[in-house]
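Participant: To be precise about what I am sending: the file is called entry35.txt and holds compact mmCIF, C-alpha atoms (C1' of nucleotides).
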```txt
# COMPACT_ATOMS: atom_id res chain seq x y z
CA MET A 1 3.92 -23.26 122.10
CA THR A 2 1.57 -20.45 122.95
CA ALA A 3 -0.23 -18.37 120.39
CA ASP A 4 1.81 -15.41 121.57
CA GLN A 5 5.01 -16.89 120.21
CA SER A 6 3.91 -16.05 116.72
CA HIS A 7 4.38 -12.34 117.21
CA HIS A 8 7.81 -12.29 115.64
CA ARG A 9 6.90 -13.68 112.27
CA ALA A 10 6.18 -11.64 109.17
CA GLU A 11 2.60 -10.48 109.10
CA LEU A 12 1.70 -11.71 105.64
CA SER A 13 2.99 -14.58 103.65
CA LEU A 14 4.21 -13.52 100.24
CA GLY A 15 1.56 -15.43 98.40
CA ASP A 16 -1.18 -13.62 100.26
CA TRP A 17 -0.36 -10.05 99.74
CA GLN A 18 -1.96 -9.61 96.38
CA ALA A 19 -5.18 -11.05 97.71
CA GLN A 20 -4.97 -8.82 100.78
CA LEU A 21 -4.55 -5.86 98.52
CA ARG A 22 -7.69 -6.64 96.59
CA ALA A 23 -9.63 -7.50 99.71
CA LYS A 24 -9.20 -3.90 100.75
CA GLY A 25 -10.31 -2.60 97.40
CA TYR A 26 -6.79 -1.77 96.26
CA ARG A 27 -5.39 -2.69 92.88
CA LEU A 28 -2.33 -4.56 91.84
CA THR A 29 -0.08 -2.38 89.71
CA PRO A 30 3.40 -2.87 88.28
CA GLN A 31 4.60 0.09 90.34
CA ARG A 32 3.52 -1.55 93.58
CA GLU A 33 5.17 -4.82 92.68
CA LEU A 34 8.35 -3.03 91.72
CA VAL A 35 8.59 -0.91 94.83
CA LEU A 36 8.07 -3.93 97.02
CA LYS A 37 10.72 -5.83 95.11
CA VAL A 38 13.39 -3.17 95.42
CA VAL A 39 12.72 -2.66 99.12
CA GLN A 40 13.28 -6.37 99.59
CA GLN A 41 16.47 -6.21 97.55
CA LEU A 42 17.92 -3.08 99.11
CA GLY A 43 17.55 -4.05 102.73
CA HIS A 44 17.24 -0.58 104.22
CA ALA A 45 16.43 2.25 101.87
CA THR A 46 15.13 5.79 101.96
CA PRO A 47 12.31 6.82 99.62
CA ASP A 48 14.94 8.52 97.51
CA GLU A 49 17.00 5.35 97.21
CA VAL A 50 13.91 3.33 96.44
CA LEU A 51 13.10 5.75 93.65
CA ALA A 52 16.59 5.49 92.20
CA ALA A 53 16.55 1.70 92.34
CA VAL A 54 13.14 1.50 90.77
CA ARG A 55 14.30 3.67 87.91
CA GLU A 56 17.31 1.46 87.28
CA GLU A 57 14.94 -1.45 87.00
CA SER A 58 14.11 0.08 83.65
CA GLN A 59 10.73 1.48 84.50
CA ALA A 60 9.93 5.06 85.24
CA VAL A 61 7.99 5.52 88.42
CA ASN A 62 7.12 8.85 89.89
CA GLN A 63 8.34 10.18 93.19
CA SER A 64 4.81 10.64 94.53
CA THR A 65 4.00 7.09 93.65
CA VAL A 66 6.95 5.87 95.67
CA TYR A 67 5.79 7.77 98.74
CA ARG A 68 2.20 6.67 98.29
CA THR A 69 3.22 3.09 97.67
CA LEU A 70 5.51 2.85 100.67
CA GLU A 71 2.69 4.13 102.82
CA LEU A 72 0.35 1.55 101.38
CA LEU A 73 2.81 -1.32 101.73
CA GLU A 74 3.36 -0.33 105.32
CA GLU A 75 -0.37 -0.33 105.97
CA LEU A 76 -0.48 -3.85 104.57
CA GLY A 77 2.39 -4.86 106.83
CA LEU A 78 4.70 -5.71 103.94
CA VAL A 79 7.29 -3.10 104.80
CA ARG A 80 8.21 -1.08 107.87
CA HIS A 81 10.19 2.07 108.39
CA ALA A 82 12.67 3.16 111.00
CA HIS A 83 14.69 6.31 111.54
CA LEU A 84 18.32 5.38 111.11
CA THR A 85 19.48 8.96 110.73
CA ASP A 86 18.11 12.32 111.75
CA ARG A 87 16.98 12.72 108.16
CA ALA A 88 14.90 10.55 105.86
CA PRO A 89 13.33 7.32 107.14
CA THR A 90 14.45 3.96 105.79
CA TYR A 91 12.13 1.19 104.72
CA HIS A 92 12.72 -2.51 104.93
CA SER A 93 10.79 -5.60 104.08
CA THR A 94 8.99 -7.59 106.77
CA THR A 95 9.97 -10.90 105.28
CA ASN A 96 12.72 -10.89 107.90
CA PRO A 97 11.56 -11.34 111.47
CA THR A 98 10.79 -8.24 113.52
CA HIS A 99 13.95 -6.54 114.66
CA ALA A 100 15.15 -3.33 116.23
CA HIS A 101 18.12 -1.38 114.87
CA LEU A 102 21.44 -0.53 116.46
CA VAL A 103 23.15 2.45 114.85
CA CYS A 104 26.71 3.49 115.61
CA ARG A 105 27.17 7.24 115.64
CA GLU A 106 30.88 6.87 114.92
CA CYS A 107 31.04 4.57 111.93
CA GLY A 108 27.39 4.70 110.93
CA ARG A 109 27.09 0.95 110.94
CA VAL A 110 23.62 -0.48 111.33
CA SER A 111 22.99 -3.86 112.88
CA GLU A 112 19.78 -5.68 113.47
CA LEU A 113 18.73 -6.83 116.89
CA PRO A 114 16.17 -9.64 116.91
CA ALA A 115 13.03 -8.84 118.86
CA ASP A 116 13.75 -11.87 121.02
CA ALA A 117 16.86 -10.22 122.37
CA LEU A 118 14.66 -7.45 123.70
CA ASP A 119 12.24 -9.67 125.56
CA PRO A 120 13.55 -8.46 128.94
CA LEU A 121 12.85 -4.89 127.89
CA THR A 122 9.42 -5.79 126.60
CA GLY A 123 8.61 -7.51 129.86
CA LEU A 124 9.79 -4.62 131.94
CA LEU A 125 7.82 -2.05 129.98
CA LYS A 126 4.71 -4.17 130.10
CA THR A 127 4.94 -4.95 133.79
CA ASP A 128 6.07 -1.61 135.13
CA HIS A 129 4.39 0.76 132.69
CA GLY A 130 1.63 -1.18 130.95
CA PHE A 131 3.38 -0.20 127.75
CA GLU A 132 3.45 -2.38 124.65
CA PRO A 133 6.51 -1.37 122.61
CA ASP A 134 6.69 -1.44 118.84
CA LEU A 135 10.10 -3.02 118.49
CA GLY A 136 10.08 -3.03 114.72
CA HIS A 137 10.26 0.74 114.75
CA LEU A 138 12.87 0.98 117.47
CA THR A 139 16.28 2.43 116.72
CA ILE A 140 18.98 2.57 119.35
CA PHE A 141 21.85 4.97 118.73
CA GLY A 142 25.19 4.63 120.44
CA HIS A 143 28.69 3.36 119.89
CA CYS A 144 29.56 -0.07 118.61
CA ALA A 145 32.32 -2.37 119.83
CA GLY A 146 34.82 -1.19 117.27
CA CYS A 147 34.23 2.47 117.96
CA ALA A 148 34.13 2.36 121.75
CA MET B 149 29.90 3.82 144.78
CA THR B 150 31.75 3.43 141.57
CA ALA B 151 32.69 6.28 139.29
CA ASP B 152 30.38 4.79 136.72
CA GLN B 153 27.31 5.59 138.77
CA SER B 154 27.64 9.23 137.85
CA HIS B 155 26.59 8.65 134.26
CA HIS B 156 23.02 9.67 134.85
CA ARG B 157 23.64 13.19 136.10
CA ALA B 158 23.48 16.31 133.98
CA GLU B 159 26.71 16.88 132.16
CA LEU B 160 27.31 20.45 133.21
CA SER B 161 26.28 22.35 136.27
CA LEU B 162 24.41 25.48 135.42
CA GLY B 163 27.06 27.76 136.80
CA ASP B 164 29.67 26.28 134.54
CA TRP B 165 28.18 26.56 131.15
CA GLN B 166 29.14 30.10 130.41
CA ALA B 167 32.72 29.28 131.24
CA GLN B 168 32.57 26.14 129.11
CA LEU B 169 31.30 28.22 126.26
CA ARG B 170 34.20 30.61 126.45
CA ALA B 171 36.71 27.84 126.95
CA LYS B 172 35.79 26.62 123.49
CA GLY B 173 36.14 30.05 121.98
CA TYR B 174 32.40 30.64 121.79
CA ARG B 175 30.70 33.83 122.90
CA LEU B 176 27.90 34.45 125.31
CA THR B 177 25.01 36.16 123.57
CA PRO B 178 21.51 37.12 124.69
CA GLN B 179 20.10 34.80 122.04
CA ARG B 180 21.93 31.81 123.47
CA GLU B 181 20.78 32.59 126.98
CA LEU B 182 17.22 33.01 125.78
CA VAL B 183 17.06 29.81 123.78
CA LEU B 184 18.44 27.82 126.67
CA LYS B 185 15.92 29.41 129.02
CA VAL B 186 12.89 28.61 126.89
CA VAL B 187 14.00 25.04 126.29
CA GLN B 188 14.19 24.61 130.04
CA GLN B 189 10.75 26.16 130.46
CA LEU B 190 9.01 24.29 127.67
CA GLY B 191 10.08 20.78 128.57
CA HIS B 192 9.99 19.23 125.12
CA ALA B 193 9.90 21.59 122.18
CA THR B 194 10.54 21.58 118.46
CA PRO B 195 12.76 24.26 116.92
CA ASP B 196 9.59 25.93 115.73
CA GLU B 197 8.11 26.03 119.19
CA VAL B 198 11.36 27.31 120.59
CA LEU B 199 11.31 30.10 118.05
CA ALA B 200 7.74 31.04 118.94
CA ALA B 201 8.48 31.03 122.66
CA VAL B 202 11.61 33.08 122.20
CA ARG B 203 9.67 35.67 120.26
CA GLU B 204 7.07 35.96 122.98
CA GLU B 205 9.85 36.68 125.39
CA SER B 206 9.88 40.05 123.70
CA GLN B 207 13.04 39.64 121.69
CA ALA B 208 13.29 38.92 118.01
CA VAL B 209 15.55 36.03 117.25
CA ASN B 210 16.04 34.59 113.83
CA GLN B 211 15.09 31.10 112.78
CA SER B 212 18.63 30.25 111.71
CA THR B 213 19.91 31.37 115.05
CA VAL B 214 17.56 28.99 116.82
CA TYR B 215 18.81 26.06 114.77
CA ARG B 216 22.43 27.05 115.20
CA THR B 217 21.98 27.65 118.89
CA LEU B 218 20.24 24.36 119.57
CA GLU B 219 23.08 22.60 117.81
CA LEU B 220 25.61 24.44 119.91
CA LEU B 221 23.79 23.84 123.19
CA GLU B 222 23.58 20.18 122.34
CA GLU B 223 27.32 20.07 121.66
CA LEU B 224 27.86 21.59 125.09
CA GLY B 225 25.59 18.97 126.63
CA LEU B 226 23.07 21.52 127.87
CA VAL B 227 20.20 20.23 125.78
CA ARG B 228 19.39 17.01 123.97
CA HIS B 229 16.98 16.10 121.24
CA ALA B 230 14.79 13.10 120.61
CA HIS B 231 12.36 12.18 117.87
CA LEU B 232 8.92 12.04 119.41
CA THR B 233 7.12 12.12 116.08
CA ASP B 234 8.04 11.27 112.51
CA ARG B 235 8.44 14.98 111.97
CA ALA B 236 10.46 17.62 113.77
CA PRO B 237 12.79 16.70 116.65
CA THR B 238 12.10 17.96 120.15
CA TYR B 239 14.68 19.46 122.45
CA HIS B 240 14.81 19.27 126.19
CA SER B 241 17.13 20.49 128.88
CA THR B 242 19.64 18.16 130.50
CA THR B 243 19.02 19.56 133.95
CA ASN B 244 16.76 16.54 134.40
CA PRO B 245 18.50 13.18 134.61
CA THR B 246 19.03 11.20 131.42
CA HIS B 247 15.86 9.52 130.30
CA ALA B 248 14.39 7.69 127.34
CA HIS B 249 10.94 8.48 125.96
CA LEU B 250 7.84 6.32 125.66
CA VAL B 251 5.40 7.57 123.05
CA CYS B 252 1.90 6.17 122.62
CA ARG B 253 0.80 6.00 119.01
CA GLU B 254 -2.84 6.07 120.02
CA CYS B 255 -3.13 9.01 122.37
CA GLY B 256 0.21 10.63 121.63
CA ARG B 257 1.16 10.73 125.26
CA VAL B 258 4.84 10.98 126.08
CA SER B 259 6.31 9.65 129.27
CA GLU B 260 9.84 9.66 130.50
CA LEU B 261 11.64 6.49 131.41
CA PRO B 262 14.63 6.96 133.73
CA ALA B 263 17.87 5.55 132.37
CA ASP B 264 18.08 3.37 135.47
CA ALA B 265 15.01 1.48 134.35
CA LEU B 266 16.88 0.48 131.24
CA ASP B 267 19.94 -0.88 132.96
CA PRO B 268 19.04 -4.46 131.97
CA LEU B 269 18.92 -3.39 128.34
CA THR B 270 22.17 -1.51 128.65
CA GLY B 271 23.83 -4.55 130.15
CA LEU B 272 22.54 -6.85 127.48
CA LEU B 273 23.66 -4.64 124.64
CA LYS B 274 27.07 -4.18 126.18
CA THR B 275 27.61 -7.83 126.94
CA ASP B 276 26.17 -9.41 123.84
CA HIS B 277 26.96 -6.77 121.24
CA GLY B 278 29.66 -4.55 122.67
CA PHE B 279 27.26 -1.73 122.06
CA GLU B 280 27.03 1.36 124.27
CA PRO B 281 23.55 2.81 123.82
CA ASP B 282 22.72 6.48 123.99
CA LEU B 283 19.63 6.28 126.13
CA GLY B 284 19.01 10.00 126.18
CA HIS B 285 18.18 9.86 122.50
CA LEU B 286 16.06 6.75 122.69
CA THR B 287 12.38 6.88 121.86
CA ILE B 288 10.18 3.83 122.15
CA PHE B 289 6.89 3.91 120.28
CA GLY B 290 4.01 1.66 121.17
CA HIS B 291 0.73 1.61 123.03
CA CYS B 292 0.27 2.77 126.59
CA ALA B 293 -1.80 1.10 129.29
CA GLY B 294 -4.87 3.20 128.61
CA CYS B 295 -4.81 2.55 124.90
CA ALA B 296 -4.02 -1.15 124.95
C1' DG C 297 40.36 45.94 116.62
C1' DT C 298 39.46 40.99 115.79
C1' DT C 299 36.84 37.33 115.32
C1' DA C 300 32.58 35.06 116.22
C1' DA C 301 27.48 35.39 115.90
C1' DT C 302 23.41 37.20 113.90
C1' DG C 303 19.93 38.40 110.43
C1' DC C 304 18.35 37.95 106.08
C1' DA C 305 17.10 35.86 102.02
C1' DA C 306 17.74 32.24 99.03
C1' DA C 307 18.32 27.43 98.41
C1' DA C 308 18.22 22.71 99.79
C1' DA C 309 16.12 18.49 101.45
C1' DC C 310 12.11 16.03 102.04
C1' DT C 311 7.13 15.28 101.55
C1' DT C 312 2.40 16.25 100.21
C1' DT C 313 -1.47 17.67 97.23
C1' DG C 314 -4.80 18.60 93.29
C1' DC C 315 -6.21 17.23 89.17
C1' DA C 316 -6.38 15.24 84.52
C1' DA C 317 -4.98 11.10 82.10
C1' DA C 318 -4.20 6.21 82.30
C1' DC C 319 -4.94 1.78 84.05
C1' DC C 320 -6.93 -2.23 86.74
C1' DT C 321 -10.83 -5.06 87.46
C1' DA D 322 -17.79 1.38 82.41
C1' DG D 323 -16.36 2.86 86.81
C1' DG D 324 -13.47 3.82 90.31
C1' DT D 325 -8.53 3.48 91.64
C1' DT D 326 -3.83 4.80 90.67
C1' DT D 327 -0.48 7.32 88.32
C1' DG D 328 2.20 11.29 86.58
C1' DC D 329 3.04 15.84 86.71
C1' DA D 330 3.81 20.13 88.53
C1' DA D 331 3.22 23.08 92.14
C1' DA D 332 3.24 24.02 96.88
C1' DG D 333 4.23 22.76 101.77
C1' DT D 334 7.32 21.85 105.63
C1' DT D 335 11.58 21.75 107.81
C1' DT D 336 16.48 22.75 107.75
C1' DT D 337 20.77 24.70 105.84
C1' DT D 338 23.92 28.07 103.71
C1' DG D 339 26.45 32.41 102.11
C1' DC D 340 27.45 36.73 103.08
C1' DA D 341 27.20 41.43 104.81
C1' DT D 342 26.37 43.56 109.27
C1' DT D 343 26.54 43.60 114.18
C1' DA D 344 28.18 42.49 118.58
C1' DA D 345 31.22 40.02 122.03
C1' DC D 346 35.61 39.83 123.68
```
Would it be possible to restate this file's structure as structure tokens?
Facilitator:
Amino acid sequence: MTADQSHHRAELSLGDWQAQLRAKGYRLTPQRELVLKVVQQLGHATPDEVLAAVREESQAVNQSTVYRTLELLEELGLVRHAHLTDRAPTYHSTTNPTHAHLVCRECGRVSELPADALDPLTGLLKTDHGFEPDLGHLTIFGHCAGCA
Amino acid sequence: MTADQSHHRAELSLGDWQAQLRAKGYRLTPQRELVLKVVQQLGHATPDEVLAAVREESQAVNQSTVYRTLELLEELGLVRHAHLTDRAPTYHSTTNPTHAHLVCRECGRVSELPADALDPLTGLLKTDHGFEPDLGHLTIFGHCAGCA
DNA sequence: GTTAATGCAAAAACTTTGCAAACCT
DNA sequence: AGGTTTGCAAAGTTTTTGCATTAAC
């Protein structure tokens, strides 16, 4: 197994993230824990949905804090965002392996495509264009089997 | 040559579009001609940039009209949009063959990837997931050769 | 003359910012 | 205590909408 094979795993183990936070001079707050928790629970969620979920969790958290926290969590590699619609971005936890998204324009269904499945694409882009794709951000629109 | 090989060409020949417009009950207006012209000239442009360019062309066109016109032109298959940043979409003419976009996060450079180059991906998605991707809307973020 | 398209202005959707108060370490 | 984070409210950015007027057919 080459070192390169590790590129599909989550970037931080869960136990580490609080230490990582502090190592960068950041502080651990209830808001940050909560936002991370709801993103993990919701799967794919817009900032707006994260806000709503956080508020149902019985604590009031401000809108700005949600935006600022999502940005921070993304910097730490704990969450990622993708554009599943032409509107607001959706965030998801990185505890699942890196994946691209397939979105059906007809039924709106979103499915996850493991990064492994895209290895041929990665190879092609690297070889022919010297380009290193960020598959975790990739969203492919089209029509799914049911809506063909 | 199979019929399928034609899927990379522009959807409408330039001579036809005015007829297509009328066939759907739409009307040919100077604004629509102008917006289409500047999109063709600009290459990739946000609605805002289209508006600015249109206004330099010595005619005043309203913001709303630009949005409504881009939507219409896209419905007719004369333009397409892609998301080259996390902000506004960019529109481009379909007189060029269908292509995906490669965007470098470091230097911001955008390059076009012919749909042909993605045939392996298309095949894989179709075979393994029954999914028909819309490559003209696809944007792949990552790092280019120079910024590796 | 009809009906579609435009301009305008207001609102909607989404995100960011400045600053004082509150909280983490 | 000291510096980071939050809440709040206001403003910024981008897009949409309703309706009277204008223009295409």
Participant: Find the residues around segment 310-320 of chain C up to 10 Å (all atoms listed in the file counted), leave out those fewer than 3 positions away in its own chain, and share them as a list in words.
Facilitator: Tyr26, Arg27, Leu28, Thr29, Pro47, Asp48, Gln63, Ser64, Tyr67, Arg68, Arg87 and Ala88 of chain A; DG324, DT325, DT326, DT327, DG328, DC329, DA330, DA331, DA332, DG333, DT334, DT335 and DT336 of chain D
Participant: List as a ChimeraX atom specification the protein and nucleic acid residues near DT299 of chain C, meaning an atom at most 10 Å away when only C-alpha atoms (C1' of nucleotides) are counted, but skip any in the same chain fewer than 2 places from it.
Facilitator: /B:173 /C:297,301 /D:345-346
Participant: Any idea what the distance is between atom C1' of DA307 of chain C and atom C1' of DT338 of chain D?
Facilitator: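 Between atom C1' of DA307 of chain C and atom C1' of DT338 of chain D the gap works out to 7.7 Å.
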Participant: Check the smallest atom-to-atom distance from each of A:Gly77, A:Pro133, A:Pro30, A:Gly142 to Val251 of chain B using only C-alpha atoms, then report the winner.
Facilitator: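 That would be A:Pro133, the residue with the smallest distance to Val251 of chain B.
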Participant: Set out as CSV a contact list for chain C and chain B with a cut-off of 9 Å, giving each residue of chain C that qualifies its closest atom pair and distance in Å to one decimal, counting all atoms listed in the file, ordered by chain and rising residue number.
Facilitator:
```
residue,atom,partner,partner_atom,distance
C:DA300,C1',B:Arg175,CA,7.0
C:DA301,C1',B:Arg175,CA,7.9
C:DT302,C1',B:Thr213,CA,6.9
C:DG303,C1',B:Asn210,CA,6.4
C:DC304,C1',B:Asn210,CA,8.8
```
Participant: Atom CA of Val187 of chain B and atom CA of Val227 of chain B are how many Å apart?
Facilitator: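 Here the two named atoms are 7.9 Å from each other.
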Participant: For a quick test of understanding: name the residues of chain A lying within 8 Å of chain B when counting only C-alpha atoms, and present them as a PyMOL selection string.
Facilitator: chain A and resi 118+120-121+129-135+137-145+148
Participant: Just add all heavy atoms to segment 21-32 of chain A and send it as an mmCIF file, keeping the file's coordinate frame.
Facilitator:
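Heads up, here's the output in part_25.cif:
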```
data_model
loop_
_atom_site.group_PDB
_atom_site.id
_atom_site.type_symbol
_atom_site.label_atom_id
_atom_site.label_comp_id
_atom_site.auth_asym_id
_atom_site.auth_seq_id
_atom_site.Cartn_x
_atom_site.Cartn_y
_atom_site.Cartn_z
ATOM 1 N N LEU A 21 -4.428 -7.126 99.217
ATOM 2 C CA LEU A 21 -4.550 -5.860 98.520
ATOM 3 C C LEU A 21 -5.957 -5.717 97.982
ATOM 4 O O LEU A 21 -6.659 -4.739 98.250
ATOM 5 C CB LEU A 21 -3.545 -5.869 97.361
ATOM 6 C CG LEU A 21 -3.071 -4.573 96.735
ATOM 7 C CD1 LEU A 21 -2.027 -3.948 97.631
ATOM 8 C CD2 LEU A 21 -2.466 -4.857 95.373
ATOM 9 N N ARG A 22 -6.386 -6.703 97.242
ATOM 10 C CA ARG A 22 -7.690 -6.640 96.590
ATOM 11 C C ARG A 22 -8.819 -6.660 97.601
ATOM 12 O O ARG A 22 -9.849 -6.032 97.408
ATOM 13 C CB ARG A 22 -7.835 -7.805 95.604
ATOM 14 C CG ARG A 22 -6.861 -7.706 94.444
ATOM 15 C CD ARG A 22 -7.353 -8.483 93.242
ATOM 16 N NE ARG A 22 -6.464 -8.322 92.097
ATOM 17 C CZ ARG A 22 -5.393 -9.071 91.847
ATOM 18 N NH1 ARG A 22 -5.062 -10.054 92.680
ATOM 19 N NH2 ARG A 22 -4.663 -8.853 90.777
ATOM 20 N N ALA A 23 -8.591 -7.413 98.684
ATOM 21 C CA ALA A 23 -9.630 -7.500 99.710
ATOM 22 C C ALA A 23 -9.944 -6.122 100.276
ATOM 23 O O ALA A 23 -11.046 -5.868 100.743
ATOM 24 C CB ALA A 23 -9.170 -8.434 100.818
ATOM 25 N N LYS A 24 -8.970 -5.254 100.227
ATOM 26 C CA LYS A 24 -9.200 -3.900 100.750
ATOM 27 C C LYS A 24 -9.630 -2.934 99.655
ATOM 28 O O LYS A 24 -9.684 -1.726 99.867
ATOM 29 C CB LYS A 24 -7.924 -3.381 101.416
ATOM 30 C CG LYS A 24 -7.541 -4.139 102.680
ATOM 31 C CD LYS A 24 -6.606 -3.306 103.552
ATOM 32 C CE LYS A 24 -6.395 -3.968 104.912
ATOM 33 N NZ LYS A 24 -5.701 -3.059 105.855
ATOM 34 N N GLY A 25 -9.869 -3.458 98.483
ATOM 35 C CA GLY A 25 -10.310 -2.600 97.400
ATOM 36 C C GLY A 25 -9.176 -1.929 96.638
ATOM 37 O O GLY A 25 -9.410 -1.076 95.793
ATOM 38 N N TYR A 26 -7.940 -2.331 96.954
ATOM 39 C CA TYR A 26 -6.790 -1.770 96.260
ATOM 40 C C TYR A 26 -6.523 -2.570 94.994
ATOM 41 O O TYR A 26 -7.000 -3.688 94.826
ATOM 42 C CB TYR A 26 -5.548 -1.798 97.150
ATOM 43 C CG TYR A 26 -5.672 -0.981 98.406
ATOM 44 C CD1 TYR A 26 -5.320 -1.533 99.639
ATOM 45 C CD2 TYR A 26 -6.135 0.325 98.363
ATOM 46 C CE1 TYR A 26 -5.424 -0.779 100.808
ATOM 47 C CE2 TYR A 26 -6.241 1.068 99.533
ATOM 48 C CZ TYR A 26 -5.879 0.523 100.741
ATOM 49 O OH TYR A 26 -5.981 1.251 101.893
ATOM 50 N N ARG A 27 -5.685 -1.986 94.125
ATOM 51 C CA ARG A 27 -5.390 -2.690 92.880
ATOM 52 C C ARG A 27 -3.929 -3.037 92.770
ATOM 53 O O ARG A 27 -3.068 -2.365 93.338
ATOM 54 C CB ARG A 27 -5.797 -1.796 91.702
ATOM 55 C CG ARG A 27 -7.296 -1.670 91.637
ATOM 56 C CD ARG A 27 -7.741 -0.723 90.570
ATOM 57 N NE ARG A 27 -9.198 -0.624 90.620
ATOM 58 C CZ ARG A 27 -9.911 0.141 89.810
ATOM 59 N NH1 ARG A 27 -9.317 0.856 88.880
ATOM 60 N NH2 ARG A 27 -11.215 0.177 89.917
ATOM 61 N N LEU A 28 -3.699 -4.100 92.024
ATOM 62 C CA LEU A 28 -2.330 -4.560 91.840
ATOM 63 C C LEU A 28 -1.741 -3.874 90.610
ATOM 64 O O LEU A 28 -2.218 -4.077 89.501
ATOM 65 C CB LEU A 28 -2.321 -6.073 91.641
ATOM 66 C CG LEU A 28 -0.936 -6.691 91.470
ATOM 67 C CD1 LEU A 28 -0.078 -6.426 92.694
ATOM 68 C CD2 LEU A 28 -1.071 -8.190 91.232
ATOM 69 N N THR A 29 -0.701 -3.092 90.831
ATOM 70 C CA THR A 29 -0.080 -2.380 89.710
ATOM 71 C C THR A 29 1.383 -2.758 89.606
ATOM 72 O O THR A 29 1.985 -3.191 90.592
ATOM 73 C CB THR A 29 -0.191 -0.856 89.897
ATOM 74 O OG1 THR A 29 0.619 -0.478 91.014
ATOM 75 C CG2 THR A 29 -1.627 -0.430 90.122
ATOM 76 N N PRO A 30 1.976 -2.580 88.444
ATOM 77 C CA PRO A 30 3.400 -2.870 88.280
ATOM 78 C C PRO A 30 4.244 -2.035 89.232
ATOM 79 O O PRO A 30 5.232 -2.529 89.776
ATOM 80 C CB PRO A 30 3.683 -2.445 86.828
ATOM 81 C CG PRO A 30 2.366 -2.349 86.152
ATOM 82 C CD PRO A 30 1.333 -2.129 87.203
ATOM 83 N N GLN A 31 3.839 -0.775 89.447
ATOM 84 C CA GLN A 31 4.600 0.090 90.340
ATOM 85 C C GLN A 31 4.660 -0.499 91.757
ATOM 86 O O GLN A 31 5.712 -0.496 92.405
ATOM 87 C CB GLN A 31 3.956 1.476 90.407
ATOM 88 C CG GLN A 31 4.135 2.304 89.149
ATOM 89 C CD GLN A 31 2.994 2.118 88.172
ATOM 90 O OE1 GLN A 31 2.323 1.068 88.175
ATOM 91 N NE2 GLN A 31 2.752 3.101 87.322
ATOM 92 N N ARG A 32 3.553 -0.997 92.220
ATOM 93 C CA ARG A 32 3.520 -1.550 93.580
ATOM 94 C C ARG A 32 4.371 -2.797 93.689
ATOM 95 O O ARG A 32 5.073 -3.006 94.684
ATOM 96 C CB ARG A 32 2.058 -1.825 93.969
ATOM 97 C CG ARG A 32 1.305 -0.537 94.197
ATOM 98 C CD ARG A 32 -0.172 -0.695 94.497
ATOM 99 N NE ARG A 32 -0.736 0.632 94.785
ATOM 100 C CZ ARG A 32 -2.024 0.898 94.903
ATOM 101 N NH1 ARG A 32 -2.926 -0.062 94.761
ATOM 102 N NH2 ARG A 32 -2.434 2.125 95.170
#
```
